[in-house]
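Peer 1: Input structure: protein_21.cif, which contains mmCIF, C-alpha atoms.
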```
data_final
loop_
_atom_site.label_atom_id
_atom_site.label_comp_id
_atom_site.auth_asym_id
_atom_site.auth_seq_id
_atom_site.Cartn_x
_atom_site.Cartn_y
_atom_site.Cartn_z
CA MET N 1 9.68 -29.15 1.79
CA SER N 2 9.55 -26.10 4.00
CA GLU N 3 6.33 -24.31 4.83
CA GLU N 4 7.17 -21.75 2.10
CA GLY N 5 6.10 -24.32 -0.48
CA ALA N 6 2.53 -24.36 0.80
CA VAL N 7 1.33 -21.45 -1.31
CA THR N 8 -2.22 -21.58 -2.58
CA LEU N 9 -1.88 -19.27 -5.59
CA ALA N 10 -0.48 -20.62 -8.82
CA PHE N 11 2.68 -18.63 -9.40
CA CYS N 12 4.45 -18.70 -6.01
CA GLY N 13 5.58 -22.05 -4.80
CA GLY N 14 8.71 -24.10 -4.36
CA GLY N 15 9.22 -27.41 -6.10
CA SER N 16 11.64 -30.27 -5.65
CA GLY N 17 14.46 -27.87 -6.44
CA ALA N 18 16.37 -30.35 -8.62
CA LYS N 19 15.45 -28.75 -11.93
CA LEU N 20 15.92 -25.25 -10.51
CA LYS N 21 19.37 -26.08 -9.14
CA SER N 22 20.30 -27.54 -12.52
CA LYS N 23 19.33 -24.25 -14.21
CA VAL N 24 21.34 -22.23 -11.71
CA ALA N 25 24.37 -24.47 -12.12
CA ARG N 26 24.06 -24.23 -15.89
CA GLY N 27 23.96 -20.43 -15.61
CA MET N 28 27.15 -20.52 -13.55
CA SER N 29 29.05 -22.70 -16.03
CA GLU N 30 27.80 -21.93 -19.55
CA LEU N 31 29.49 -18.53 -19.70
CA GLU N 32 32.89 -20.22 -19.58
CA ASP N 33 32.04 -22.25 -22.68
CA VAL N 34 31.00 -19.18 -24.70
CA VAL N 35 34.02 -16.97 -24.01
CA GLU N 36 36.48 -17.99 -26.70
CA GLU N 37 39.30 -15.51 -26.38
CA GLU N 38 40.41 -12.58 -24.29
CA GLU N 39 43.25 -10.27 -25.19
CA GLU N 40 44.37 -6.84 -24.09
CA GLY N 41 41.72 -4.35 -25.20
CA VAL N 42 39.78 -7.03 -27.13
CA VAL N 43 36.98 -9.30 -25.91
CA VAL N 44 35.68 -12.02 -28.23
CA LEU N 45 32.22 -13.31 -27.35
CA SER N 46 30.48 -15.84 -29.55
CA GLY N 47 32.78 -14.98 -32.44
CA ARG N 48 32.24 -11.21 -32.17
CA SER N 49 35.25 -9.00 -31.51
CA VAL N 50 34.77 -5.65 -29.85
CA GLU N 51 37.79 -3.38 -29.58
CA MET N 52 37.84 -0.25 -27.47
CA PRO N 53 41.21 1.37 -28.24
CA HIS N 54 42.53 4.33 -26.25
CA VAL N 55 43.42 7.36 -28.33
CA ASP N 56 44.51 10.73 -26.97
CA HIS N 57 42.21 13.55 -28.11
CA SER N 58 42.38 17.29 -27.65
CA GLU N 59 39.54 19.08 -25.84
CA ALA N 60 38.26 20.41 -29.17
CA GLU N 61 38.20 16.93 -30.69
CA VAL N 62 36.39 15.53 -27.66
CA ALA N 63 33.79 18.32 -27.88
CA THR N 64 33.20 17.41 -31.53
CA LEU N 65 32.82 13.70 -30.72
CA PHE N 66 30.13 14.40 -28.10
CA SER N 67 27.89 16.18 -30.59
CA VAL N 68 24.71 16.47 -28.47
CA LYS N 69 24.93 19.20 -25.82
CA TYR N 70 22.72 19.20 -22.72
CA GLU N 71 22.50 22.21 -20.44
CA SER N 72 21.23 22.47 -16.89
CA VAL N 73 18.09 24.60 -17.14
CA THR N 74 16.75 24.22 -13.60
CA SER N 75 18.21 22.90 -10.36
CA ILE N 76 17.43 22.73 -6.67
CA SER N 77 19.38 21.72 -3.60
CA LEU N 78 17.22 19.73 -1.20
CA SER N 79 19.96 19.28 1.40
CA GLU N 80 23.66 20.09 1.44
CA GLU N 81 24.31 17.30 3.94
CA GLU N 82 22.41 14.41 2.34
CA TYR N 83 22.54 12.28 -0.81
CA CYS N 84 19.69 11.75 -3.27
CA LEU N 85 19.31 7.98 -3.60
CA HIS N 86 16.26 7.37 -5.82
CA LEU N 87 14.15 9.19 -8.41
CA THR N 88 10.76 8.38 -9.88
CA HIS N 89 8.17 10.21 -12.00
CA THR N 90 4.43 10.09 -12.49
CA THR N 91 3.09 8.56 -15.70
CA ASN N 92 2.25 12.02 -17.07
CA TRP N 93 5.66 13.41 -16.00
CA GLU N 94 4.04 16.24 -14.03
CA ASP N 95 5.63 15.30 -10.69
CA VAL N 96 8.94 13.81 -9.55
CA ALA N 97 9.71 12.19 -6.20
CA VAL N 98 13.18 12.05 -4.65
CA ALA N 99 14.34 9.80 -1.80
CA LEU N 100 17.21 11.11 0.32
CA SER N 101 19.69 9.46 2.65
CA ASP N 102 18.02 11.03 5.71
CA PHE N 103 15.04 8.64 5.10
CA SER N 104 12.84 11.44 3.68
CA VAL N 105 10.98 11.81 0.38
CA THR N 106 10.42 15.13 -1.41
CA LEU N 107 7.82 15.71 -4.10
CA LEU N 108 8.68 18.24 -6.86
CA LYS N 109 6.91 19.68 -9.89
CA ARG N 110 8.73 18.21 -12.84
CA GLU N 111 8.90 21.30 -15.05
CA THR N 112 10.14 23.81 -12.48
CA LEU N 113 11.41 21.60 -9.62
CA GLN N 114 9.18 23.60 -7.28
CA LYS N 115 8.86 21.79 -3.97
CA VAL N 116 5.37 20.45 -3.33
CA SER N 117 5.80 18.53 -0.08
CA SER N 118 8.17 16.41 1.99
CA PHE N 119 7.60 13.57 4.45
CA ASP N 120 9.42 10.75 6.27
CA PRO N 121 8.05 7.38 5.13
CA HIS N 122 10.53 5.20 7.05
CA GLN N 123 12.93 5.25 9.98
CA GLU N 124 15.66 3.44 8.07
CA CYS N 125 17.27 3.70 4.62
CA ILE N 126 14.84 3.95 1.69
CA THR N 127 15.69 1.21 -0.80
CA GLY N 128 13.05 1.78 -3.47
CA LEU N 129 10.71 4.47 -4.82
CA LYS N 130 8.02 4.26 -7.51
CA PHE N 131 4.81 6.03 -8.50
CA SER N 132 1.84 3.82 -9.22
CA PRO N 133 1.59 3.25 -13.01
CA GLY N 134 -2.15 3.90 -12.95
CA ASN N 135 -2.53 6.52 -10.22
CA ASN N 136 -0.33 9.61 -10.10
CA ASN N 137 -1.37 10.27 -6.49
CA CYS N 138 0.00 6.97 -5.19
CA LEU N 139 3.68 6.63 -4.32
CA TRP N 140 5.33 3.40 -3.20
CA THR N 141 8.41 3.17 -0.97
CA SER N 142 10.48 0.30 0.43
CA SER N 143 13.02 0.32 3.22
CA SER N 144 15.56 -1.76 5.08
CA ASP N 145 13.08 -1.55 7.98
CA GLY N 146 11.28 -4.43 6.24
CA PHE N 147 8.19 -2.60 4.93
CA VAL N 148 6.78 -1.57 1.56
CA LYS N 149 4.29 1.28 1.90
CA MET N 150 1.84 3.03 -0.42
CA TRP N 151 1.34 6.77 0.17
CA ASP N 152 -1.29 9.23 -0.98
CA VAL N 153 0.89 12.21 -1.94
CA ARG N 154 -2.04 14.61 -1.59
CA SER N 155 -2.08 14.05 2.17
CA ASN N 156 1.24 12.20 2.71
CA GLN N 157 -0.75 9.51 4.50
CA CYS N 158 0.13 5.82 4.34
CA GLU N 159 -2.75 3.92 2.70
CA LYS N 160 -1.26 0.41 2.68
CA GLU N 161 1.78 -1.38 4.05
CA PHE N 162 3.29 -4.80 3.46
CA GLN N 163 5.72 -6.40 5.89
CA GLY N 164 8.69 -8.49 4.78
CA MET N 165 7.81 -11.70 6.60
CA THR N 166 7.36 -15.29 5.49
CA LYS N 167 4.97 -17.92 6.80
CA SER N 168 7.75 -20.00 8.33
CA SER N 169 9.47 -17.18 10.22
CA SER N 170 8.41 -14.26 12.40
CA VAL N 171 11.60 -12.35 11.56
CA THR N 172 11.01 -9.16 9.55
CA LYS N 173 13.48 -9.20 6.67
CA PRO N 174 15.25 -6.02 5.52
CA LEU N 175 14.03 -5.15 2.02
CA THR N 176 16.59 -4.15 -0.60
CA CYS N 177 14.33 -3.36 -3.59
CA PHE N 178 10.81 -3.72 -4.94
CA ASP N 179 8.71 -3.39 -8.08
CA ILE N 180 5.09 -3.51 -9.23
CA SER N 181 3.78 -5.47 -12.22
CA CYS N 182 2.59 -3.40 -15.17
CA ASN N 183 -1.03 -4.44 -14.51
CA GLU N 184 -0.66 -3.34 -10.87
CA ARG N 185 -1.77 -6.67 -9.46
CA ILE N 186 1.47 -7.99 -7.97
CA LEU N 187 3.97 -6.34 -5.62
CA CYS N 188 7.37 -7.99 -5.35
CA ALA N 189 10.33 -7.22 -3.06
CA GLY N 190 13.80 -8.66 -2.52
CA THR N 191 15.47 -9.17 0.84
CA GLU N 192 18.89 -9.24 2.40
CA LEU N 193 20.37 -12.58 3.41
CA VAL N 194 18.69 -13.28 6.75
CA GLU N 195 19.41 -16.31 8.91
CA THR N 196 20.14 -18.89 6.19
CA GLY N 197 18.04 -17.61 3.32
CA VAL N 198 17.31 -14.81 0.89
CA PHE N 199 13.78 -14.26 -0.35
CA ILE N 200 11.79 -12.78 -3.22
CA LEU N 201 8.43 -11.90 -1.64
CA PHE N 202 5.07 -11.49 -3.38
CA TRP N 203 1.83 -9.75 -2.38
CA ASP N 204 -1.57 -9.22 -4.00
CA ILE N 205 -1.87 -5.42 -4.12
CA ARG N 206 -5.66 -5.44 -4.38
CA GLY N 207 -6.30 -7.67 -1.40
CA ASP N 208 -3.27 -6.89 0.78
CA LYS N 209 -2.58 -10.63 0.76
CA ALA N 210 0.86 -12.25 0.98
CA LEU N 211 1.12 -14.73 -1.86
CA GLY N 212 4.36 -16.48 -0.95
CA SER N 213 8.00 -16.32 -1.90
CA TYR N 214 10.88 -17.72 -3.93
CA TRP N 215 13.92 -18.72 -1.90
CA GLU N 216 15.97 -21.20 -3.95
CA SER N 217 17.06 -19.16 -6.99
CA HIS N 218 19.55 -16.83 -5.27
CA THR N 219 22.01 -17.37 -2.43
CA ASP N 220 22.86 -13.78 -1.42
CA ASN N 221 21.30 -10.31 -1.08
CA ILE N 222 18.79 -9.43 -3.80
CA THR N 223 19.89 -6.19 -5.46
CA GLN N 224 17.19 -5.73 -8.13
CA VAL N 225 13.63 -6.82 -8.86
CA LYS N 226 12.32 -5.61 -12.23
CA PHE N 227 9.02 -6.53 -13.86
CA ASN N 228 8.92 -6.45 -17.64
CA PRO N 229 7.25 -3.14 -18.69
CA SER N 230 4.81 -4.86 -21.04
CA GLN N 231 4.55 -8.48 -19.78
CA ALA N 232 2.99 -8.63 -16.32
CA ASP N 233 4.10 -12.19 -15.57
CA THR N 234 7.76 -11.71 -16.57
CA MET N 235 10.19 -10.55 -13.91
CA ALA N 236 13.99 -10.25 -13.70
CA THR N 237 16.05 -10.35 -10.52
CA ALA N 238 19.72 -9.80 -9.68
CA ALA N 239 21.75 -10.52 -6.56
CA THR N 240 25.22 -10.26 -5.09
CA ASP N 241 25.68 -13.95 -5.96
CA GLY N 242 26.29 -12.78 -9.56
CA LEU N 243 23.15 -14.35 -11.05
CA ILE N 244 20.50 -12.61 -13.15
CA ASN N 245 17.29 -14.66 -13.24
CA VAL N 246 14.16 -14.27 -15.34
CA PHE N 247 10.90 -15.73 -14.03
CA ASP N 248 7.47 -16.46 -15.44
CA ILE N 249 5.49 -15.95 -12.24
CA SER N 250 2.34 -17.46 -13.76
CA GLN N 251 3.88 -20.90 -13.24
CA SER N 252 2.86 -23.02 -10.27
CA THR N 253 6.31 -23.61 -8.74
CA GLU N 254 9.59 -21.74 -8.43
CA ASP N 255 11.26 -24.53 -10.42
CA ASP N 256 8.98 -23.96 -13.38
CA ALA N 257 8.94 -20.18 -12.98
CA LEU N 258 12.72 -19.87 -13.39
CA THR N 259 12.88 -19.47 -17.16
CA TYR N 260 16.42 -18.15 -17.71
CA CYS N 261 19.45 -18.03 -15.42
CA MET N 262 22.40 -15.84 -16.48
CA ASN N 263 25.74 -15.56 -14.72
CA SER N 264 27.10 -12.01 -14.71
CA GLU N 265 30.04 -13.17 -12.54
CA VAL N 266 29.82 -9.92 -10.53
CA THR N 267 27.20 -8.09 -8.46
CA THR N 268 24.60 -6.25 -10.55
CA GLY N 269 23.37 -3.06 -8.92
CA ASN N 270 21.20 -1.64 -11.70
CA LEU N 271 19.04 -3.74 -14.02
CA SER N 272 16.94 -2.33 -16.90
CA TRP N 273 14.62 -3.91 -19.46
CA LEU N 274 15.36 -2.69 -23.00
CA GLY N 275 13.47 -3.09 -26.26
CA GLN N 276 14.65 -4.63 -29.50
CA ASN N 277 12.45 -4.82 -32.61
CA GLY N 278 9.42 -3.96 -30.50
CA ARG N 279 10.01 -6.72 -27.93
CA GLN N 280 11.31 -6.21 -24.38
CA GLU N 281 13.65 -9.21 -24.21
CA ARG N 282 16.97 -7.48 -23.52
CA LEU N 283 18.51 -6.50 -20.19
CA SER N 284 21.26 -4.07 -19.32
CA ALA N 285 23.23 -4.65 -16.14
CA ILE N 286 25.46 -2.11 -14.39
CA THR N 287 27.79 -3.90 -11.99
CA ASP N 288 29.45 -2.94 -8.73
CA ILE N 289 32.83 -2.72 -10.50
CA GLU N 290 31.48 -0.07 -12.90
CA SER N 291 31.23 -2.42 -15.87
CA LEU N 292 28.29 -2.80 -18.26
CA GLN N 293 26.65 -5.93 -19.67
CA TYR N 294 23.96 -6.20 -22.36
CA TRP N 295 21.98 -9.44 -22.42
CA ASP N 296 19.52 -11.22 -24.64
CA ILE N 297 17.64 -13.15 -21.94
CA LYS N 298 17.60 -16.26 -24.13
CA GLU N 299 21.38 -16.45 -24.41
CA ALA N 300 23.91 -17.99 -22.00
CA ALA N 301 26.41 -15.11 -22.27
CA PRO N 302 26.02 -11.34 -22.63
CA MET N 303 25.76 -10.08 -26.21
CA HIS N 304 28.07 -7.21 -25.26
CA LYS N 305 30.07 -6.42 -22.17
CA TYR N 306 32.32 -3.50 -21.33
CA SER N 307 34.85 -3.18 -18.56
CA ARG N 308 35.50 0.05 -16.70
CA GLU N 309 38.50 0.53 -18.98
CA ASP N 310 36.24 0.21 -22.04
CA VAL N 311 33.84 2.81 -20.64
CA ALA N 312 36.72 5.19 -19.87
CA ALA N 313 38.08 4.76 -23.40
CA ALA N 314 34.67 5.62 -24.88
CA MET N 315 34.57 8.71 -22.64
CA LYS N 316 38.10 9.64 -23.81
CA LEU N 317 39.47 9.41 -20.26
CA LYS N 318 42.99 8.39 -19.34
CA GLU N 319 42.14 7.18 -15.82
CA PRO N 320 39.49 4.41 -15.70
CA ASP N 321 39.22 4.68 -11.92
CA ASP N 322 37.67 8.14 -12.32
CA CYS N 323 34.58 7.00 -14.23
CA TYR N 324 31.27 5.52 -13.07
CA LEU N 325 28.02 4.41 -14.70
CA ALA N 326 24.75 6.02 -13.61
CA SER N 327 21.96 4.49 -15.73
CA VAL N 328 20.93 2.98 -19.08
CA HIS N 329 17.93 4.21 -21.08
CA MET N 330 16.25 3.59 -24.41
CA SER N 331 16.95 6.42 -26.83
CA SER N 332 14.75 8.28 -29.29
CA GLU N 333 17.02 7.07 -32.09
CA GLY N 334 15.88 3.48 -32.49
CA ASP N 335 16.95 0.49 -30.41
CA ASN N 336 20.47 1.66 -29.53
CA PRO N 337 20.48 2.37 -25.77
CA LEU N 338 22.04 5.44 -24.15
CA VAL N 339 24.37 5.04 -21.18
CA LEU N 340 24.66 7.91 -18.72
CA VAL N 341 28.20 8.01 -17.32
CA GLY N 342 30.18 10.32 -15.07
CA ALA N 343 33.79 10.97 -14.12
CA ARG N 344 35.50 12.73 -11.24
CA ASN N 345 38.14 15.36 -11.95
CA ASP N 346 40.82 17.15 -9.95
CA GLU N 347 38.78 20.37 -9.74
CA GLY N 348 36.21 18.93 -7.35
CA SER N 349 33.46 18.70 -9.97
CA ASP N 350 32.26 15.74 -12.01
CA THR N 351 31.99 15.44 -15.78
CA LEU N 352 28.74 13.95 -17.13
CA CYS N 353 28.11 12.54 -20.61
CA THR N 354 26.17 9.94 -22.55
CA LEU N 355 27.46 7.05 -24.64
CA LYS N 356 25.52 5.26 -27.36
CA LEU N 357 25.62 1.47 -27.39
CA ASP N 358 25.75 0.63 -31.10
CA LEU N 359 24.13 -2.81 -31.20
CA GLN N 360 25.27 -3.47 -34.77
CA THR N 361 28.98 -2.95 -34.14
CA GLY N 362 28.95 -3.63 -30.41
CA GLN N 363 30.85 -0.44 -29.64
CA LEU N 364 30.24 2.29 -27.10
CA LYS N 365 30.33 5.60 -28.95
CA PRO N 366 30.43 9.21 -27.69
CA HIS N 367 27.00 10.82 -27.78
CA GLY N 368 26.28 13.80 -25.52
CA SER N 369 27.95 16.09 -22.98
CA PHE N 370 26.39 18.00 -20.05
CA VAL N 371 27.16 21.62 -19.24
CA ALA N 372 26.39 23.23 -15.87
CA LYS N 373 27.45 26.57 -14.42
CA GLN N 374 27.77 25.08 -10.95
CA LEU N 375 29.73 22.23 -9.45
CA LEU N 376 28.45 18.82 -10.54
CA LEU N 377 28.86 16.07 -7.98
CA MET N 378 28.37 12.33 -8.33
CA ILE N 379 25.05 11.28 -9.90
CA ARG N 380 23.24 8.53 -8.00
CA ALA N 381 19.89 8.46 -9.85
CA ALA N 382 18.60 9.61 -13.24
CA LEU N 383 15.40 9.74 -15.31
CA TYR N 384 15.21 10.11 -19.09
CA GLN N 385 12.18 11.34 -21.04
CA VAL N 386 12.42 10.07 -24.60
CA GLU N 387 9.83 12.47 -26.03
CA THR N 388 11.75 15.58 -24.99
CA ASP N 389 15.27 14.09 -24.97
CA SER N 390 15.71 15.47 -21.45
CA TYR N 391 17.21 14.17 -18.23
CA ILE N 392 16.56 14.64 -14.54
CA THR N 393 19.53 13.75 -12.33
CA ALA N 394 20.04 13.63 -8.58
CA GLY N 395 23.11 13.00 -6.51
CA GLU N 396 25.39 14.21 -3.77
CA CYS N 397 24.61 17.31 -1.71
CA GLY N 398 20.94 16.71 -2.45
CA VAL N 399 21.05 18.46 -5.83
CA VAL N 400 18.35 17.69 -8.45
CA ARG N 401 18.79 19.02 -12.01
CA ILE N 402 16.85 19.13 -15.26
CA TRP N 403 18.93 18.85 -18.43
CA LYS N 404 17.67 19.71 -21.91
CA PRO N 405 19.33 19.87 -25.32
CA GLU N 406 21.24 23.12 -25.69
CA SER N 407 18.87 24.49 -28.29
CA THR N 408 15.94 24.29 -25.88
CA GLU N 409 15.13 27.52 -24.07
CA SER N 410 15.76 27.43 -20.34
CA ILE N 411 12.60 27.23 -18.26
CA GLY N 412 13.79 28.61 -14.95
CA LYS N 413 16.63 29.95 -12.90
CA GLN N 414 19.19 27.61 -11.46
CA SER N 415 19.36 27.49 -7.69
CA LEU N 416 22.63 29.00 -6.53
CA VAL N 417 23.92 26.79 -3.74
CA LYS N 418 27.35 26.51 -2.28
CA LEU N 419 28.43 22.90 -2.76
CA SER N 420 31.39 21.44 -0.96
CA LYS N 421 33.42 18.50 -2.13
CA LYS N 422 32.15 15.45 -0.26
CA ASN N 423 33.37 11.95 0.44
CA ARG N 424 31.87 9.80 -2.28
CA THR N 425 31.55 6.56 -0.39
CA LYS N 426 28.07 5.09 -0.51
CA PRO N 427 25.87 6.06 2.45
CA TYR N 428 24.52 2.53 2.93
#
```
Could you write out this structure as structure tokens?
Peer 2:
Amino acid sequence: MSEEGAVTLAFCGGGSGAKLKSKVARGMSELEDVVEEEEEGVVVLSGRSVEMPHVDHSEAEVATLFSVKYESVTSISLSEEEYCLHLTHTTNWEDVAVALSDFSVTLLKRETLQKVSSFDPHQECITGLKFSPGNNNCLWTSSSDGFVKMWDVRSNQCEKEFQGMTKSSSVTKPLTCFDISCNERILCAGTELVETGVFILFWDIRGDKALGSYWESHTDNITQVKFNPSQADTMATAATDGLINVFDISQSTEDDALTYCMNSEVTTGNLSWLGQNGRQERLSAITDIESLQYWDIKEAAPMHKYSREDVAAAMKLKEPDDCYLASVHMSSEGDNPLVLVGARNDEGSDTLCTLKLDLQTGQLKPHGSFVAKQLLLMIRAALYQVETDSYITAGECGVVRIWKPESTESIGKQSLVKLSKKNRTKPY
């Protein structure tokens, strides 16, 4: 047993590892037993067949299929040379924070996108951004410099910081992501693979105390850490090893905490908790190959999964390589999630639309289209407000936009910026 196992608090400790390794191995193998058949354009999972046929449609027919129209009512360019990497909003939706690729954070008024302030929280790439659930003046950031910091946005002063170190090593580990439990007691962050291990680190927010870490459940860089929005002790993680794990962090050892282990078979870059019948027990996973998976955490295989070709077919595109997935959100129309997707075109501007994941039929269906008077470049982050059916997007050339249904009156003038076509490779 390494020194990491000597954790005094109940939920963060290693065990013998035998049971945990059995769970991980089962997650790696069970998917093969569930997939029964795979044909061209058809995937059969657990007896359910989902077909995403390609049909050529005219522009008029496509416009009819995407019945909800969103228009860009306000926009701002924060930097023509930098990318927007992360977005977050206060609980009351009055303010929005944006993290850029130049290691800076800008605070905006949500309704008008008026700039409030800007500061540089880190000297390396910002890997996470989140407002405190209970305090709209507190903003959290994480970075590959190995620190998570809490900022008072009224003064842009750092109030707390947590360093990505473990008890057995003095090496500061680059942090790839973080999250805060819904009761604001626990801070958790994932690390890159350092030396011979990858870690999920825990701190007590109230006492600034390091609680310990998990280090046996993943074998490569952690890409996502997501607490359940309504269950403070339930947390999901994803990594480049292809595993999606769900933990009950109230348990005394990592072995016991690992409740479910799911094998996505690819790297998951965006993980979201989704509701079903009032319970948050579903996960959506956007992968690094621009595919989408929808999981019930209690099942060994995804309930629904869609390749890049399936997504392109739902968007009515002929070239799958042109499309990408931006985010997944709960909709105002029941439990069927909305998927925000984009596509590059030959004119140097992107096309943006939403698809509805029909949970009853398992199909991705056209939902909404986005109309802007200016060039639209690749979206890297998005927020969705269910109550107003509106989006905030951010992407290349530092452009942030508010989108509202077409019937809604515009609330401000769009910023007129000259946008150049940029190389769309990731900046990190």
Peer 1: Can you work out which one of N:Leu211, N:Ile249, N:Ile289, N:Leu113 has the shortest atom-to-atom distance to Thr267 (chain N), counting only C-alpha atoms?
Peer 2: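 Once distances to Thr267 (chain N) are computed over only C-alpha atoms, the minimum belongs to N:Ile289.
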Peer 1: For region 129-131 of chain N, find every residue with an atom within 12 Å (counting all atoms listed in the file), except residues of its own chain fewer than 6 positions away, and show them as a CSV table (one decimal) with C-alpha atoms, in the coordinates of the input.
Peer 2:
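The resulting file, selection.csv, is reproduced below:
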```csv
chain,number,residue,atom,x,y,z
N,84,CYS,CA,19.7,11.8,-3.3
N,85,LEU,CA,19.3,8.0,-3.6
N,86,HIS,CA,16.3,7.4,-5.8
N,87,LEU,CA,14.2,9.2,-8.4
N,88,THR,CA,10.8,8.4,-9.9
N,89,HIS,CA,8.2,10.2,-12.0
N,90,THR,CA,4.4,10.1,-12.5
N,91,THR,CA,3.1,8.6,-15.7
N,92,ASN,CA,2.2,12.0,-17.1
N,93,TRP,CA,5.7,13.4,-16.0
N,94,GLU,CA,4.0,16.2,-14.0
N,95,ASP,CA,5.6,15.3,-10.7
N,96,VAL,CA,8.9,13.8,-9.6
N,97,ALA,CA,9.7,12.2,-6.2
N,98,VAL,CA,13.2,12.0,-4.6
N,99,ALA,CA,14.3,9.8,-1.8
N,100,LEU,CA,17.2,11.1,0.3
N,103,PHE,CA,15.0,8.6,5.1
N,104,SER,CA,12.8,11.4,3.7
N,105,VAL,CA,11.0,11.8,0.4
N,106,THR,CA,10.4,15.1,-1.4
N,107,LEU,CA,7.8,15.7,-4.1
N,121,PRO,CA,8.0,7.4,5.1
N,122,HIS,CA,10.5,5.2,7.0
N,137,ASN,CA,-1.4,10.3,-6.5
N,138,CYS,CA,0.0,7.0,-5.2
N,139,LEU,CA,3.7,6.6,-4.3
N,140,TRP,CA,5.3,3.4,-3.2
N,141,THR,CA,8.4,3.2,-1.0
N,142,SER,CA,10.5,0.3,0.4
N,143,SER,CA,13.0,0.3,3.2
N,148,VAL,CA,6.8,-1.6,1.6
N,149,LYS,CA,4.3,1.3,1.9
N,150,MET,CA,1.8,3.0,-0.4
N,151,TRP,CA,1.3,6.8,0.2
N,152,ASP,CA,-1.3,9.2,-1.0
N,153,VAL,CA,0.9,12.2,-1.9
N,176,THR,CA,16.6,-4.2,-0.6
N,177,CYS,CA,14.3,-3.4,-3.6
N,178,PHE,CA,10.8,-3.7,-4.9
N,179,ASP,CA,8.7,-3.4,-8.1
N,180,ILE,CA,5.1,-3.5,-9.2
N,181,SER,CA,3.8,-5.5,-12.2
N,182,CYS,CA,2.6,-3.4,-15.2
N,184,GLU,CA,-0.7,-3.3,-10.9
N,187,LEU,CA,4.0,-6.3,-5.6
N,189,ALA,CA,10.3,-7.2,-3.1
N,226,LYS,CA,12.3,-5.6,-12.2
N,381,ALA,CA,19.9,8.5,-9.8
```
Peer 1: Which residues are close to Val225 (chain N), i.e. within 9 Å by all atoms listed in the file, leaving aside same-chain residues fewer than 2 positions away? Reply as a ChimeraX atom specification.
Peer 2: /N:177-179,188-190,200,222-223,227,235-238,271
Peer 1: At a cut-off of 8 Å, using only C-alpha atoms, what residues contact region 302-306 of chain N? Leave out same-chain residues fewer than 6 positions from it and give the result as a PyMOL selection string.
Peer 2: chain N and resi 45+291-296+362
Peer 1: For region 161-169 of chain N, please output as an mmCIF file with C-alpha atoms, in the coordinates of the input all residues within 8 Å (counting all atoms listed in the file; exclusion window: fewer than 5 positions along the same chain).
Peer 2:
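File result.cif, as written:
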```
data_model
loop_
_atom_site.group_PDB
_atom_site.id
_atom_site.type_symbol
_atom_site.label_atom_id
_atom_site.label_comp_id
_atom_site.auth_asym_id
_atom_site.auth_seq_id
_atom_site.Cartn_x
_atom_site.Cartn_y
_atom_site.Cartn_z
ATOM 1 C CA SER N 2 9.550 -26.100 4.000
ATOM 2 C CA GLU N 3 6.330 -24.310 4.830
ATOM 3 C CA GLU N 4 7.170 -21.750 2.100
ATOM 4 C CA GLY N 146 11.280 -4.430 6.240
ATOM 5 C CA PHE N 147 8.190 -2.600 4.930
ATOM 6 C CA VAL N 148 6.780 -1.570 1.560
ATOM 7 C CA LYS N 149 4.290 1.280 1.900
ATOM 8 C CA MET N 150 1.840 3.030 -0.420
ATOM 9 C CA PRO N 174 15.250 -6.020 5.520
ATOM 10 C CA LEU N 175 14.030 -5.150 2.020
ATOM 11 C CA THR N 191 15.470 -9.170 0.840
ATOM 12 C CA LEU N 201 8.430 -11.900 -1.640
ATOM 13 C CA TRP N 203 1.830 -9.750 -2.380
ATOM 14 C CA ASP N 208 -3.270 -6.890 0.780
ATOM 15 C CA GLY N 212 4.360 -16.480 -0.950
ATOM 16 C CA SER N 213 8.000 -16.320 -1.900
#
```
Peer 1: Please report, as JSON, the centre and edge lengths in Å to one decimal of an axis-aligned box covering all listed atoms of region 168-182 of chain N with 3 Å per side.
Peer 2:
```
{"center_x": 9.6, "center_y": -11.7, "center_z": -1.4, "size_x": 20.0, "size_y": 22.6, "size_z": 33.6}
```
Peer 1: Leaving out Glu333 (chain N) and any residue of its chain fewer than 6 positions from it, which residues lie within 12 Å of it when counting all atoms listed in the file, given as a ChimeraX atom specification?
Peer 2: /N:356-358,367,386-387,389
